>>> print(open('data.csv').read())   # CSV, C-alpha atoms
chain,number,residue,atom,x,y,z
U,279,MET,CA,2.6,218.7,84.1
U,280,LYS,CA,0.6,217.4,81.1
U,281,GLU,CA,-2.9,216.3,81.9
U,282,PRO,CA,-3.6,212.6,81.3
U,283,PHE,CA,-6.8,213.4,79.4
U,284,SER,CA,-7.7,216.4,77.2
U,285,GLN,CA,-10.4,217.3,74.8
U,286,THR,CA,-9.7,216.8,71.2
U,287,GLY,CA,-11.8,216.9,68.0
U,288,GLY,CA,-14.3,214.1,68.4
U,289,GLY,CA,-13.0,212.6,71.6
U,290,VAL,CA,-10.7,212.4,74.5
U,291,ALA,CA,-6.9,212.4,73.9
U,292,VAL,CA,-5.1,210.1,76.3
U,293,ARG,CA,-1.6,210.9,77.4
U,294,LEU,CA,-0.5,208.0,79.6
U,295,GLY,CA,2.8,206.2,79.7
U,296,ALA,CA,3.2,202.4,79.3
U,297,ASP,CA,3.5,202.0,83.1
U,298,GLU,CA,0.3,203.9,83.7
U,299,ARG,CA,-1.5,201.9,81.1
U,300,GLN,CA,-0.2,198.8,82.7
U,301,VAL,CA,-1.7,199.9,86.0
U,302,LEU,CA,-5.1,200.5,84.3
U,303,ARG,CA,-4.8,197.0,82.7
U,304,GLY,CA,-4.8,195.5,86.2
U,305,LEU,CA,-8.0,197.2,87.3
U,306,THR,CA,-10.2,194.4,86.0
U,307,GLU,CA,-8.5,192.0,88.3
U,308,VAL,CA,-8.8,194.4,91.2
U,309,ILE,CA,-12.5,194.7,90.6
U,310,GLU,CA,-13.1,191.0,90.0
U,311,ALA,CA,-11.1,190.0,93.1
U,312,ALA,CA,-13.3,192.1,95.3
U,313,GLY,CA,-16.4,190.0,94.5
U,314,ASP,CA,-19.4,191.9,95.8
U,315,ALA,CA,-17.1,193.8,98.2
U,316,ASP,CA,-19.2,192.8,101.3
U,317,GLY,CA,-22.3,194.0,99.5
U,318,ARG,CA,-21.1,197.3,98.1
U,319,PHE,CA,-21.5,195.9,94.6
U,320,ALA,CA,-24.6,194.0,95.5
U,321,TYR,CA,-26.9,196.8,94.6
U,322,THR,CA,-30.6,196.7,95.6
U,323,ALA,CA,-33.4,199.0,94.7
U,324,HIS,CA,-35.8,197.9,97.5
U,325,PRO,CA,-33.7,197.0,100.5
U,326,ASP,CA,-36.7,196.8,102.8
U,327,ASP,CA,-39.2,195.1,100.5
U,328,ALA,CA,-38.3,191.6,99.4
U,329,ASP,CA,-41.3,191.3,97.0
U,330,ALA,CA,-40.5,194.5,95.2
U,331,GLU,CA,-36.8,193.6,95.0
U,332,HIS,CA,-37.7,190.2,93.6
U,333,GLY,CA,-39.7,192.1,90.9
U,334,TYR,CA,-36.8,194.4,90.2
U,335,ARG,CA,-34.4,191.4,89.9
U,336,ALA,CA,-36.8,189.7,87.5
U,337,LEU,CA,-37.0,192.7,85.3
U,338,LEU,CA,-33.3,193.5,85.2
U,339,GLY,CA,-31.8,190.0,85.2
U,340,ASP,CA,-28.1,190.2,85.1
U,341,SER,CA,-28.0,193.4,83.1
U,342,LEU,CA,-26.0,195.3,85.7
U,343,ASP,CA,-23.3,192.8,85.9
U,344,THR,CA,-23.3,192.6,82.1
U,345,ALA,CA,-23.0,196.4,81.7
U,346,ARG,CA,-20.2,196.5,84.2
U,347,GLY,CA,-18.4,193.7,82.4
U,348,GLU,CA,-18.8,195.4,79.1
U,349,ASP,CA,-17.3,198.6,80.5
U,350,ARG,CA,-14.2,196.6,81.6
U,351,ALA,CA,-14.0,194.9,78.2
U,352,THR,CA,-14.3,198.3,76.5
U,353,MET,CA,-11.5,199.7,78.7
U,354,THR,CA,-9.2,196.7,78.0
U,355,ALA,CA,-9.8,197.0,74.3
U,356,THR,CA,-9.0,200.7,74.2
U,357,LEU,CA,-6.1,200.7,76.7
U,358,ASP,CA,-3.5,201.6,74.0
U,359,ALA,CA,-5.7,204.1,72.2
U,360,LYS,CA,-4.4,207.7,71.7
U,361,VAL,CA,-8.0,209.0,71.4
U,362,LEU,CA,-11.2,207.7,73.1
U,363,ASP,CA,-14.7,208.3,71.8
U,364,GLU,CA,-17.1,209.5,74.5
U,365,GLU,CA,-18.6,206.1,75.0
U,366,ALA,CA,-15.2,204.5,75.7
U,367,ALA,CA,-14.2,207.5,77.9
U,368,MET,CA,-17.4,207.0,80.0
U,369,ALA,CA,-16.6,203.3,80.3
U,370,TRP,CA,-13.1,204.1,81.6
U,371,MET,CA,-14.7,206.5,84.1
U,372,ARG,CA,-17.0,203.8,85.5
U,373,VAL,CA,-14.3,201.2,85.6
U,374,ILE,CA,-12.0,203.5,87.4
U,375,GLY,CA,-14.8,204.3,89.8
U,376,ASP,CA,-15.5,200.6,90.4
U,377,ALA,CA,-11.8,200.0,91.0
U,378,ARG,CA,-11.7,202.8,93.6
U,379,ILE,CA,-14.7,201.2,95.4
U,380,ALA,CA,-12.9,197.8,95.3
U,381,LEU,CA,-9.7,199.3,96.6
U,382,ALA,CA,-11.4,201.3,99.4
U,383,HIS,CA,-13.2,198.1,100.5
U,384,ARG,CA,-9.9,196.3,100.6
U,385,LEU,CA,-8.4,199.1,102.7
U,386,GLY,CA,-11.4,199.1,105.1
U,387,ILE,CA,-12.4,202.7,104.2
U,388,GLU,CA,-15.9,203.3,105.5
U,389,ASP,CA,-16.1,207.0,106.4
U,390,ASP,CA,-15.5,210.4,104.8
U,391,GLY,CA,-12.2,212.1,105.6
U,392,TRP,CA,-10.0,209.0,104.9
U,393,GLU,CA,-7.8,211.1,102.6
U,394,GLU,CA,-6.3,213.0,105.5
U,395,ALA,CA,-6.1,209.9,107.8
U,396,ARG,CA,-4.3,207.6,105.4
U,397,ASP,CA,-0.6,207.2,104.7
U,398,PRO,CA,-0.3,208.4,101.1
U,399,THR,CA,2.8,206.3,100.6
U,400,ASP,CA,1.0,203.1,101.1
U,401,PRO,CA,0.8,201.6,97.6
U,402,GLU,CA,-2.9,200.8,97.6
U,403,THR,CA,-3.8,204.2,99.1
U,404,ALA,CA,-1.6,205.9,96.5
U,405,LEU,CA,-3.3,203.9,93.7
U,406,LEU,CA,-6.7,204.9,95.1
U,407,MET,CA,-5.7,208.6,95.0
U,408,TYR,CA,-4.1,208.3,91.6
U,409,LEU,CA,-7.3,206.8,90.2
U,410,GLY,CA,-9.3,209.6,91.8
U,411,TYR,CA,-7.0,212.1,89.9
U,412,LEU,CA,-7.6,210.3,86.6
U,413,GLN,CA,-11.4,210.1,87.2
U,414,ASP,CA,-11.5,213.8,88.1
U,415,THR,CA,-9.6,214.7,85.0
U,416,LEU,CA,-12.0,212.6,82.9
U,417,VAL,CA,-14.9,214.3,84.5
U,418,ARG,CA,-13.5,217.8,83.6
U,419,VAL,CA,-12.8,216.8,80.0
U,420,LEU,CA,-16.3,215.3,79.6
U,421,THR,CA,-18.2,218.2,81.2
H,52,MET,CA,-26.4,202.9,104.7
H,53,SER,CA,-29.9,201.7,103.8
H,54,THR,CA,-31.7,202.6,107.0
H,55,THR,CA,-34.9,203.8,105.4
H,56,THR,CA,-38.2,202.1,106.3
H,57,ALA,CA,-40.7,201.6,103.5
H,58,PRO,CA,-44.4,202.2,104.4
H,59,GLN,CA,-46.1,199.0,105.3
H,60,ARG,CA,-48.5,197.6,102.8
H,61,THR,CA,-52.1,197.8,103.9
H,62,ASP,CA,-54.2,194.7,104.7
H,63,HIS,CA,-57.0,196.1,102.6
H,64,PRO,CA,-55.6,195.9,99.1
H,65,SER,CA,-58.9,196.2,97.4
H,66,ALA,CA,-59.1,199.8,98.2
H,67,ASP,CA,-55.6,200.7,97.0
H,68,THR,CA,-54.6,198.1,94.4
H,69,ASP,CA,-55.8,200.0,91.4
H,70,HIS,CA,-53.6,203.0,92.3
H,71,GLU,CA,-50.6,201.1,93.8
H,72,SER,CA,-48.6,201.1,90.6
H,73,ASP,CA,-49.4,204.8,89.9
H,74,ARG,CA,-48.1,206.1,93.2
H,75,PRO,CA,-44.9,207.9,92.6
H,76,TRP,CA,-41.5,206.7,93.8
H,77,GLN,CA,-38.4,208.7,94.6
H,78,VAL,CA,-34.8,207.7,93.9
H,79,ILE,CA,-32.5,208.3,96.8
H,80,VAL,CA,-28.7,208.5,96.5
H,81,TRP,CA,-26.8,207.7,99.7
H,82,ASN,CA,-23.4,209.1,100.8
H,83,ASP,CA,-20.4,206.9,100.4
H,84,PRO,CA,-16.8,207.8,101.2
H,85,VAL,CA,-15.3,206.9,97.9
H,86,ASN,CA,-17.1,208.5,95.0
H,87,LEU,CA,-15.6,211.9,94.0
H,88,MET,CA,-17.8,214.9,94.5
H,89,SER,CA,-17.0,216.0,90.9
H,90,TYR,CA,-18.0,212.6,89.6
H,91,VAL,CA,-21.3,212.5,91.5
H,92,VAL,CA,-22.2,216.0,90.0
H,93,TRP,CA,-21.2,214.7,86.5
H,94,VAL,CA,-23.4,211.6,86.9
H,95,LEU,CA,-26.4,213.6,88.1
H,96,ARG,CA,-26.1,216.0,85.2
H,97,LYS,CA,-25.5,213.2,82.7
H,98,LEU,CA,-28.4,210.9,83.8
H,99,PHE,CA,-31.0,213.5,84.7
H,100,GLY,CA,-30.1,216.6,82.8
H,101,HIS,CA,-29.9,218.6,86.0
H,102,PRO,CA,-28.2,222.1,85.6
H,103,VAL,CA,-24.8,222.2,87.3
H,104,GLU,CA,-26.2,224.3,90.2
H,105,GLU,CA,-29.0,221.7,90.9
H,106,ALA,CA,-26.6,218.7,90.5
H,107,THR,CA,-24.1,220.4,92.9
H,108,ARG,CA,-26.8,221.2,95.4
H,109,LEU,CA,-27.9,217.5,95.4
H,110,MET,CA,-24.4,216.3,95.7
H,111,LEU,CA,-23.7,218.5,98.7
H,112,GLN,CA,-27.0,217.3,100.3
H,113,VAL,CA,-25.8,213.7,99.9
H,114,HIS,CA,-22.5,214.6,101.3
H,115,ASN,CA,-23.7,216.7,104.3
H,116,GLU,CA,-27.0,215.0,105.1
H,117,GLY,CA,-26.2,211.4,104.0
H,118,ARG,CA,-28.9,211.2,101.3
H,119,ALA,CA,-30.9,213.2,98.7
H,120,VAL,CA,-33.8,212.6,96.4
H,121,VAL,CA,-32.4,212.8,92.8
H,122,SER,CA,-35.4,211.9,90.7
H,123,ASN,CA,-39.0,210.6,91.0
H,124,GLY,CA,-41.8,209.1,89.0
H,125,PRO,CA,-43.7,205.9,88.4
H,126,LEU,CA,-42.0,202.7,89.6
H,127,GLU,CA,-40.8,201.7,86.1
H,128,LYS,CA,-39.0,205.0,85.6
H,129,ALA,CA,-37.6,205.1,89.2
H,130,GLU,CA,-36.2,201.5,88.8
H,131,HIS,CA,-34.6,202.5,85.5
H,132,ASP,CA,-33.0,205.5,87.1
H,133,CYS,CA,-31.8,203.4,90.0
H,134,HIS,CA,-30.3,200.9,87.7
H,135,ARG,CA,-28.4,203.6,85.8
H,136,LEU,CA,-27.1,205.1,89.1
H,137,HIS,CA,-25.9,201.6,90.1
H,138,HIS,CA,-24.1,201.2,86.8
H,139,HIS,CA,-22.2,204.4,87.6
H,140,GLY,CA,-21.3,203.1,91.1
H,141,LEU,CA,-23.6,205.3,93.1
H,142,TRP,CA,-25.5,203.7,96.0
H,143,ALA,CA,-29.2,204.3,95.2
H,144,THR,CA,-32.5,203.0,96.5
H,145,LEU,CA,-36.2,203.6,96.0
H,146,GLU,CA,-38.9,204.9,98.4
H,147,ARG,CA,-42.5,205.7,98.0
H,148,THR,CA,-43.2,209.4,98.1
>>> encode(input="data.csv", output="structure tokens")
Amino acid sequence: MKEPFSQTGGGVAVRLGADERQVLRGLTEVIEAAGDADGRFAYTAHPDDADAEHGYRALLGDSLDTARGEDRATMTATLDAKVLDEEAAMAWMRVIGDARIALAHRLGIEDDGWEEARDPTDPETALLMYLGYLQDTLVRVLT
Amino acid sequence: MSTTTAPQRTDHPSADTDHESDRPWQVIVWNDPVNLMSYVVWVLRKLFGHPVEEATRLMLQVHNEGRAVVSNGPLEKAEHDCHRLHHHGLWATLERT
């Protein structure tokens, strides 16, 4: 089986079919539909110190949401590319990770070991595992 | 996941205030059931420059013990590190050392 991503001169070669790219095109919607995923995306630096958290928020503003949105925009803009530069490949990796978190939240996954406990033919579970395969391949290519 | 308790602030700030901002902080990464082990290792190497052995040790500590200290320093640096971990989807918080 051909790997979906491989190293090439100056970037990451993408070998995905139209159907697979269409799946990836839908990830933005998966992530945005999750909202803050019952707090999973509501990151805090100081969970037990409201004053310190207020300072952290004041310093960062909405830069985290902005960065995550930029990653999704980068992925959308490069979905048909044959080669990704490293920046784009890292954006894909983060968006795929966010989509996995959103899907896992939708599936009610809260504990380790879910891979063995879940029905792999369930479409959303299958997507979660497929995205894990894609992310793992990207990790290997970028390492 | 965030069950940690921060030390209480003292009622005698005059003695500590000058050094409060200099006290080092540590950045904790917490276990979650979704992020891939390989991805967590990659993030720790990419963000902090850890050698693969150290990044793998920290990832396994997160996985087995529920948390690990992945970096430390003054508040500003620790908050920056925490922000970058959040951007990569890792659940991270700060604690005073």
>>> atom_distance(input="data.csv", atom1="CA of Asp390 (chain U)", atom2="CA of Gln413 (chain U)")
18.1 Å
>>> interface_residues(input="data.csv", of="chain U", to="chain H", cutoff="6 Å", atoms="only C-alpha atoms", output="list in words")
Ala323, His324, Arg372, Asp389 and Asp390 of chain U
>>> residues_around(input="data.csv", residues="Phe283 (chain U)", least_positions_apart="5", cutoff="9 Å", atoms="only C-alpha atoms", output="mmCIF file with C-alpha atoms, keeping the file's coordinate frame")
data_model
loop_
_atom_site.group_PDB
_atom_site.id
_atom_site.type_symbol
_atom_site.label_atom_id
_atom_site.label_comp_id
_atom_site.auth_asym_id
_atom_site.auth_seq_id
_atom_site.Cartn_x
_atom_site.Cartn_y
_atom_site.Cartn_z
ATOM 1 C CA VAL U 290 -10.700 212.400 74.500
ATOM 2 C CA ALA U 291 -6.900 212.400 73.900
ATOM 3 C CA VAL U 292 -5.100 210.100 76.300
ATOM 4 C CA ARG U 293 -1.600 210.900 77.400
ATOM 5 C CA LEU U 294 -0.500 208.000 79.600
ATOM 6 C CA LEU U 412 -7.600 210.300 86.600
ATOM 7 C CA THR U 415 -9.600 214.700 85.000
ATOM 8 C CA LEU U 416 -12.000 212.600 82.900
ATOM 9 C CA VAL U 419 -12.800 216.800 80.000
#
>>> atom_distance(input="data.csv", atom1="CA of Thr352 (chain U)", atom2="CA of Glu365 (chain U)")
9.0 Å
>>> atom_distance(input="data.csv", atom1="CA of Phe319 (chain U)", atom2="CA of Thr421 (chain U)")
26.2 Å
>>> closest_residue(input="data.csv", among="U:Asp349, U:Ala320, U:Val417, U:Leu305", to="Arg335 (chain U)", atoms="all atoms listed in the file")
U:Ala320
>>> residues_around(input="data.csv", residues="Gly313 (chain U)", least_positions_apart="2", cutoff="12 Å", atoms="all atoms listed in the file", output="list in words")
Thr306, Glu307, Val308, Ile309, Glu310, Ala311, Ala315, Asp316, Gly317, Arg318, Phe319, Ala320, Asp343, Asp376, Ala377, Ile379, Ala380, Leu381, His383 and Arg384 of chain U
>>> closest_residue(input="data.csv", among="H:Arg147, H:Arg118, H:His101, H:Arg108", to="Trp76 (chain H)", atoms="all atoms listed in the file")
H:Arg147
>>> residues_around(input="data.csv", residues="region 402-404 of chain U", least_positions_apart="2", cutoff="9 Å", atoms="only C-alpha atoms", output="list in words")
Leu381, Ala382, Arg384, Leu385, Glu393, Arg396, Asp397, Pro398, Thr399, Asp400, Leu406, Met407, Tyr408 and Leu409 of chain U
